[in-house]
>>> print(open('work_39.csv').read())   # CSV, N, CA, C and O atoms
chain,number,residue,atom,x,y,z
L,1,MET,N,7.1,25.3,0.7
L,1,MET,CA,6.9,24.5,-0.5
L,1,MET,C,7.6,23.2,-0.4
L,1,MET,O,7.1,22.1,-0.6
L,2,PHE,N,8.9,23.2,0.0
L,2,PHE,CA,9.7,22.0,0.1
L,2,PHE,C,9.2,21.2,1.3
L,2,PHE,O,9.1,19.9,1.2
L,3,VAL,N,8.8,21.8,2.3
L,3,VAL,CA,8.3,21.1,3.5
L,3,VAL,C,7.0,20.3,3.1
L,3,VAL,O,6.8,19.2,3.5
L,4,SER,N,6.1,21.0,2.4
L,4,SER,CA,4.8,20.3,2.0
L,4,SER,C,5.1,19.1,1.1
L,4,SER,O,4.4,18.1,1.1
L,5,TYR,N,6.1,19.2,0.2
L,5,TYR,CA,6.5,18.1,-0.6
L,5,TYR,C,7.0,16.9,0.2
L,5,TYR,O,6.6,15.8,0.0
L,6,ILE,N,7.9,17.2,1.2
L,6,ILE,CA,8.4,16.1,2.0
L,6,ILE,C,7.2,15.5,2.8
L,6,ILE,O,7.1,14.3,3.0
L,7,LEU,N,6.3,16.3,3.3
L,7,LEU,CA,5.2,15.9,4.1
L,7,LEU,C,4.3,15.0,3.3
L,7,LEU,O,3.8,13.9,3.7
L,8,ALA,N,4.1,15.3,2.0
L,8,ALA,CA,3.3,14.5,1.1
L,8,ALA,C,3.9,13.2,0.9
L,8,ALA,O,3.2,12.1,0.8
L,9,LYS,N,5.2,13.2,0.7
L,9,LYS,CA,5.9,11.9,0.5
L,9,LYS,C,5.9,11.0,1.7
L,9,LYS,O,5.7,9.8,1.6
L,10,VAL,N,6.0,11.6,2.9
L,10,VAL,CA,5.9,10.8,4.1
L,10,VAL,C,4.5,10.2,4.3
L,10,VAL,O,4.4,9.1,4.6
L,11,GLN,N,3.5,11.0,4.0
L,11,GLN,CA,2.1,10.5,4.1
L,11,GLN,C,1.9,9.4,3.1
L,11,GLN,O,1.2,8.4,3.4
L,12,ALA,N,2.4,9.6,1.9
L,12,ALA,CA,2.2,8.5,0.9
L,12,ALA,C,2.9,7.2,1.3
L,12,ALA,O,2.4,6.1,1.1
L,13,TYR,N,4.1,7.3,2.0
L,13,TYR,CA,4.8,6.2,2.5
L,13,TYR,C,3.9,5.5,3.6
L,13,TYR,O,3.8,4.2,3.6
L,14,PHE,N,3.4,6.2,4.5
L,14,PHE,CA,2.5,5.6,5.5
L,14,PHE,C,1.3,4.9,4.9
L,14,PHE,O,0.9,3.9,5.4
L,15,ARG,N,0.7,5.6,3.9
L,15,ARG,CA,-0.5,4.9,3.2
L,15,ARG,C,0.0,3.6,2.6
L,15,ARG,O,-0.7,2.6,2.6
L,16,TYR,N,1.1,3.6,1.9
L,16,TYR,CA,1.7,2.4,1.3
L,16,TYR,C,1.9,1.3,2.4
L,16,TYR,O,1.5,0.2,2.2
L,17,ARG,N,2.5,1.6,3.5
L,17,ARG,CA,2.8,0.6,4.5
L,17,ARG,C,1.5,0.1,5.1
L,17,ARG,O,1.4,-1.1,5.4
L,18,GLU,N,0.5,0.9,5.3
L,18,GLU,CA,-0.7,0.5,5.9
L,18,GLU,C,-1.5,-0.4,4.9
L,18,GLU,O,-2.0,-1.5,5.3
L,19,THR,N,-1.4,-0.1,3.6
L,19,THR,CA,-2.1,-1.0,2.6
L,19,THR,C,-1.4,-2.3,2.5
L,19,THR,O,-2.1,-3.3,2.5
L,20,VAL,N,-0.1,-2.3,2.5
L,20,VAL,CA,0.7,-3.6,2.5
L,20,VAL,C,0.3,-4.4,3.7
L,20,VAL,O,0.0,-5.6,3.6
L,21,ARG,N,0.3,-3.8,4.9
L,21,ARG,CA,0.0,-4.5,6.1
L,21,ARG,C,-1.4,-5.1,6.1
L,21,ARG,O,-1.6,-6.3,6.4
L,22,GLU,N,-2.4,-4.3,5.7
L,22,GLU,CA,-3.8,-4.8,5.6
L,22,GLU,C,-4.0,-5.9,4.6
L,22,GLU,O,-4.6,-6.9,4.9
L,23,LEU,N,-3.4,-5.8,3.4
L,23,LEU,CA,-3.6,-6.8,2.4
L,23,LEU,C,-2.8,-8.1,2.8
L,23,LEU,O,-3.3,-9.2,2.5
L,24,SER,N,-1.7,-7.9,3.5
L,24,SER,CA,-0.9,-9.1,3.9
L,24,SER,C,-1.6,-9.9,4.9
L,24,SER,O,-1.4,-11.1,5.0
L,25,LEU,N,-2.5,-9.3,5.7
L,25,LEU,CA,-3.3,-10.0,6.7
L,25,LEU,C,-4.4,-10.9,6.1
L,25,LEU,O,-4.9,-11.8,6.8
L,26,LEU,N,-4.8,-10.6,4.9
L,26,LEU,CA,-5.9,-11.4,4.2
L,26,LEU,C,-5.4,-12.7,3.8
L,26,LEU,O,-4.2,-12.9,3.5
L,27,SER,N,-6.3,-13.7,3.8
L,27,SER,CA,-5.9,-15.0,3.4
L,27,SER,C,-5.9,-15.0,1.8
L,27,SER,O,-6.4,-14.1,1.2
L,28,ASP,N,-5.3,-16.1,1.3
L,28,ASP,CA,-5.2,-16.2,-0.2
L,28,ASP,C,-6.7,-16.2,-0.8
L,28,ASP,O,-6.9,-15.7,-1.8
L,29,ARG,N,-7.6,-16.9,-0.1
L,29,ARG,CA,-9.0,-16.9,-0.5
L,29,ARG,C,-9.6,-15.5,-0.6
L,29,ARG,O,-10.2,-15.2,-1.6
L,30,GLU,N,-9.4,-14.7,0.4
L,30,GLU,CA,-9.9,-13.4,0.5
L,30,GLU,C,-9.3,-12.5,-0.6
L,30,GLU,O,-10.0,-11.7,-1.3
L,31,LEU,N,-8.0,-12.7,-0.8
L,31,LEU,CA,-7.3,-11.9,-1.9
L,31,LEU,C,-7.9,-12.3,-3.3
L,31,LEU,O,-8.1,-11.5,-4.1
L,32,THR,N,-8.1,-13.6,-3.5
L,32,THR,CA,-8.6,-14.1,-4.7
L,32,THR,C,-10.0,-13.5,-5.0
L,32,THR,O,-10.4,-13.1,-6.1
L,33,ASP,N,-10.8,-13.4,-3.9
L,33,ASP,CA,-12.2,-12.8,-4.0
L,33,ASP,C,-12.1,-11.4,-4.5
L,33,ASP,O,-13.0,-10.9,-5.2
L,34,LEU,N,-11.0,-10.7,-4.1
L,34,LEU,CA,-10.8,-9.3,-4.5
L,34,LEU,C,-10.1,-9.2,-5.9
L,34,LEU,O,-9.9,-8.1,-6.4
L,35,GLY,N,-9.7,-10.3,-6.4
L,35,GLY,CA,-9.0,-10.3,-7.7
L,35,GLY,C,-7.5,-9.9,-7.6
L,35,GLY,O,-7.0,-9.4,-8.5
L,36,ILE,N,-6.9,-10.2,-6.4
L,36,ILE,CA,-5.6,-9.9,-6.2
L,36,ILE,C,-4.8,-11.1,-5.9
L,36,ILE,O,-5.2,-12.0,-5.1
L,37,ALA,N,-3.6,-11.2,-6.5
L,37,ALA,CA,-2.7,-12.3,-6.2
L,37,ALA,C,-1.7,-11.8,-5.1
L,37,ALA,O,-1.4,-10.6,-5.1
L,38,ARG,N,-1.2,-12.6,-4.3
L,38,ARG,CA,-0.3,-12.2,-3.2
L,38,ARG,C,0.9,-11.4,-3.7
L,38,ARG,O,1.3,-10.4,-3.1
L,39,PHE,N,1.5,-11.8,-4.9
L,39,PHE,CA,2.6,-11.1,-5.4
L,39,PHE,C,2.3,-9.7,-5.9
L,39,PHE,O,3.2,-8.9,-6.1
L,40,GLN,N,1.0,-9.4,-6.0
L,40,GLN,CA,0.6,-8.0,-6.5
L,40,GLN,C,0.5,-7.0,-5.4
L,40,GLN,O,0.3,-5.8,-5.7
L,41,ILE,N,0.5,-7.5,-4.2
L,41,ILE,CA,0.3,-6.6,-3.0
L,41,ILE,C,1.2,-5.3,-3.1
L,41,ILE,O,0.7,-4.2,-2.9
L,42,ASP,N,2.4,-5.5,-3.3
L,42,ASP,CA,3.4,-4.4,-3.3
L,42,ASP,C,3.0,-3.3,-4.4
L,42,ASP,O,2.9,-2.1,-4.1
L,43,SER,N,2.7,-3.8,-5.6
L,43,SER,CA,2.4,-2.9,-6.7
L,43,SER,C,1.1,-2.2,-6.5
L,43,SER,O,0.9,-1.0,-6.8
L,44,ILE,N,0.1,-2.9,-5.9
L,44,ILE,CA,-1.2,-2.3,-5.7
L,44,ILE,C,-1.1,-1.3,-4.6
L,44,ILE,O,-1.7,-0.2,-4.6
L,45,ALA,N,-0.3,-1.5,-3.5
L,45,ALA,CA,-0.1,-0.6,-2.5
L,45,ALA,C,0.6,0.7,-3.0
L,45,ALA,O,0.3,1.8,-2.6
L,46,ARG,N,1.6,0.5,-3.9
L,46,ARG,CA,2.3,1.7,-4.5
L,46,ARG,C,1.3,2.5,-5.3
L,46,ARG,O,1.3,3.8,-5.2
L,47,GLN,N,0.5,1.9,-6.1
L,47,GLN,CA,-0.5,2.6,-6.9
L,47,GLN,C,-1.5,3.4,-5.9
L,47,GLN,O,-1.8,4.5,-6.2
L,48,GLY,N,-1.9,2.7,-4.9
L,48,GLY,CA,-2.9,3.3,-4.0
L,48,GLY,C,-2.3,4.5,-3.2
L,48,GLY,O,-2.9,5.5,-2.9
L,49,ALA,N,-1.0,4.4,-2.9
L,49,ALA,CA,-0.3,5.5,-2.1
L,49,ALA,C,-0.2,6.7,-2.9
L,49,ALA,O,-0.2,7.8,-2.4
L,50,THR,N,0.0,6.6,-4.2
L,50,THR,CA,0.2,7.8,-5.1
L,50,THR,C,-1.1,8.3,-5.7
L,50,THR,O,-1.0,9.4,-6.2
L,51,ALA,N,-2.1,7.6,-5.5
L,51,ALA,CA,-3.4,8.1,-6.1
L,51,ALA,C,-4.0,9.2,-5.2
L,51,ALA,O,-3.8,9.4,-4.2
>>> encode(input="work_39.csv", output="structure tokens")
Amino acid sequence: MFVSYILAKVQAYFRYRETVRELSLLSDRELTDLGIARFQIDSIARQGATA
């Protein structure tokens, strides 16, 4: 049970890092088209990782 909890946290962290990386590669124009401001990338990635 504890191992599965840790594994889930590690997987969520990797999803978070991947989302931040992908969104950071987009231009400001592309982010605006998605309705995202650059300062929102971190919070959006956190929400996506826990969903």
>>> closest_residue(input="work_39.csv", among="L:Leu34, L:Ile44, L:Met1, L:Leu7", to="Val20 (chain L)", atoms="only N, CA, C and O atoms")
L:Ile44
>>> atom_distance(input="work_39.csv", atom1="CA of Arg38 (chain L)", atom2="CA of Val10 (chain L)")
24.9 Å
>>> residues_around(input="work_39.csv", residues="region 24-26 of chain L", least_positions_apart="2", cutoff="12 Å", atoms="only C-alpha atoms", output="PyMOL selection string")
chain L and resi 17-22+28-34+36-42+44-45
>>> atom_distance(input="work_39.csv", atom1="atom C of Gly35 (chain L)", atom2="CA of Arg15 (chain L)")
19.6 Å
>>> atom_distance(input="work_39.csv", atom1="CA of Val3 (chain L)", atom2="atom O of Thr50 (chain L)")
17.8 Å
>>> closest_residue(input="work_39.csv", among="L:Leu23, L:Gln11, L:Ile6, L:Tyr16", to="Gln47 (chain L)", atoms="only N, CA, C and O atoms")
L:Tyr16
>>> select_by_dssp(input="work_39.csv", residues="chain L", states="alpha helix (DSSP H)", output="PyMOL selection string")
chain L and resi 2-25+28-34+41-50
>>> build_atoms(input="work_39.csv", residues="region 25-36 of chain L", atoms="all heavy atoms", output="compact mmCIF listing (two decimals), keeping the file's coordinate frame")
# COMPACT_ATOMS: atom_id res chain seq x y z
N LEU L 25 -2.50 -9.30 5.70
CA LEU L 25 -3.30 -10.00 6.70
C LEU L 25 -4.40 -10.90 6.10
O LEU L 25 -4.90 -11.80 6.80
CB LEU L 25 -3.87 -9.03 7.70
CG LEU L 25 -2.88 -8.32 8.60
CD1 LEU L 25 -3.59 -7.27 9.44
CD2 LEU L 25 -2.15 -9.31 9.49
N LEU L 26 -4.80 -10.60 4.90
CA LEU L 26 -5.90 -11.40 4.20
C LEU L 26 -5.40 -12.70 3.80
O LEU L 26 -4.20 -12.90 3.50
CB LEU L 26 -6.40 -10.62 3.01
CG LEU L 26 -7.05 -9.26 3.27
CD1 LEU L 26 -7.44 -8.62 1.95
CD2 LEU L 26 -8.24 -9.38 4.19
N SER L 27 -6.30 -13.70 3.80
CA SER L 27 -5.90 -15.00 3.40
C SER L 27 -5.90 -15.00 1.80
O SER L 27 -6.40 -14.10 1.20
CB SER L 27 -7.00 -16.04 3.83
OG SER L 27 -8.22 -15.81 3.17
N ASP L 28 -5.30 -16.10 1.30
CA ASP L 28 -5.20 -16.20 -0.20
C ASP L 28 -6.70 -16.20 -0.80
O ASP L 28 -6.90 -15.70 -1.80
CB ASP L 28 -4.49 -17.48 -0.59
CG ASP L 28 -2.99 -17.36 -0.32
OD1 ASP L 28 -2.50 -16.22 -0.24
OD2 ASP L 28 -2.33 -18.40 -0.22
N ARG L 29 -7.60 -16.90 -0.10
CA ARG L 29 -9.00 -16.90 -0.50
C ARG L 29 -9.60 -15.50 -0.60
O ARG L 29 -10.20 -15.20 -1.60
CB ARG L 29 -9.78 -17.84 0.39
CG ARG L 29 -11.27 -17.82 0.20
CD ARG L 29 -11.67 -18.62 -1.02
NE ARG L 29 -13.07 -18.48 -1.35
CZ ARG L 29 -13.99 -19.37 -1.07
NH1 ARG L 29 -13.67 -20.48 -0.48
NH2 ARG L 29 -15.23 -19.14 -1.43
N GLU L 30 -9.40 -14.70 0.40
CA GLU L 30 -9.90 -13.40 0.50
C GLU L 30 -9.30 -12.50 -0.60
O GLU L 30 -10.00 -11.70 -1.30
CB GLU L 30 -9.68 -12.74 1.82
CG GLU L 30 -10.49 -13.40 2.92
CD GLU L 30 -10.09 -12.97 4.31
OE1 GLU L 30 -8.87 -12.85 4.57
OE2 GLU L 30 -10.99 -12.78 5.15
N LEU L 31 -8.00 -12.70 -0.80
CA LEU L 31 -7.30 -11.90 -1.90
C LEU L 31 -7.90 -12.30 -3.30
O LEU L 31 -8.10 -11.50 -4.10
CB LEU L 31 -5.80 -12.16 -1.85
CG LEU L 31 -5.05 -11.48 -0.70
CD1 LEU L 31 -3.62 -11.96 -0.65
CD2 LEU L 31 -5.12 -9.97 -0.81
N THR L 32 -8.10 -13.60 -3.50
CA THR L 32 -8.60 -14.10 -4.70
C THR L 32 -10.00 -13.50 -5.00
O THR L 32 -10.40 -13.10 -6.10
CB THR L 32 -8.70 -15.64 -4.75
OG1 THR L 32 -7.38 -16.15 -4.58
CG2 THR L 32 -9.26 -16.16 -6.06
N ASP L 33 -10.80 -13.40 -3.90
CA ASP L 33 -12.20 -12.80 -4.00
C ASP L 33 -12.10 -11.40 -4.50
O ASP L 33 -13.00 -10.90 -5.20
CB ASP L 33 -12.90 -12.90 -2.69
CG ASP L 33 -13.37 -14.30 -2.35
OD1 ASP L 33 -13.36 -15.17 -3.25
OD2 ASP L 33 -13.74 -14.53 -1.18
N LEU L 34 -11.00 -10.70 -4.10
CA LEU L 34 -10.80 -9.30 -4.50
C LEU L 34 -10.10 -9.20 -5.90
O LEU L 34 -9.90 -8.10 -6.40
CB LEU L 34 -9.92 -8.58 -3.46
CG LEU L 34 -10.56 -8.40 -2.09
CD1 LEU L 34 -9.54 -7.85 -1.11
CD2 LEU L 34 -11.77 -7.49 -2.17
N GLY L 35 -9.70 -10.30 -6.40
CA GLY L 35 -9.00 -10.30 -7.70
C GLY L 35 -7.50 -9.90 -7.60
O GLY L 35 -7.00 -9.40 -8.50
N ILE L 36 -6.90 -10.20 -6.40
CA ILE L 36 -5.60 -9.90 -6.20
C ILE L 36 -4.80 -11.10 -5.90
O ILE L 36 -5.20 -12.00 -5.10
CB ILE L 36 -5.44 -8.91 -4.96
CG1 ILE L 36 -6.23 -7.63 -5.20
CG2 ILE L 36 -3.99 -8.60 -4.63
CD1 ILE L 36 -6.37 -6.75 -3.98
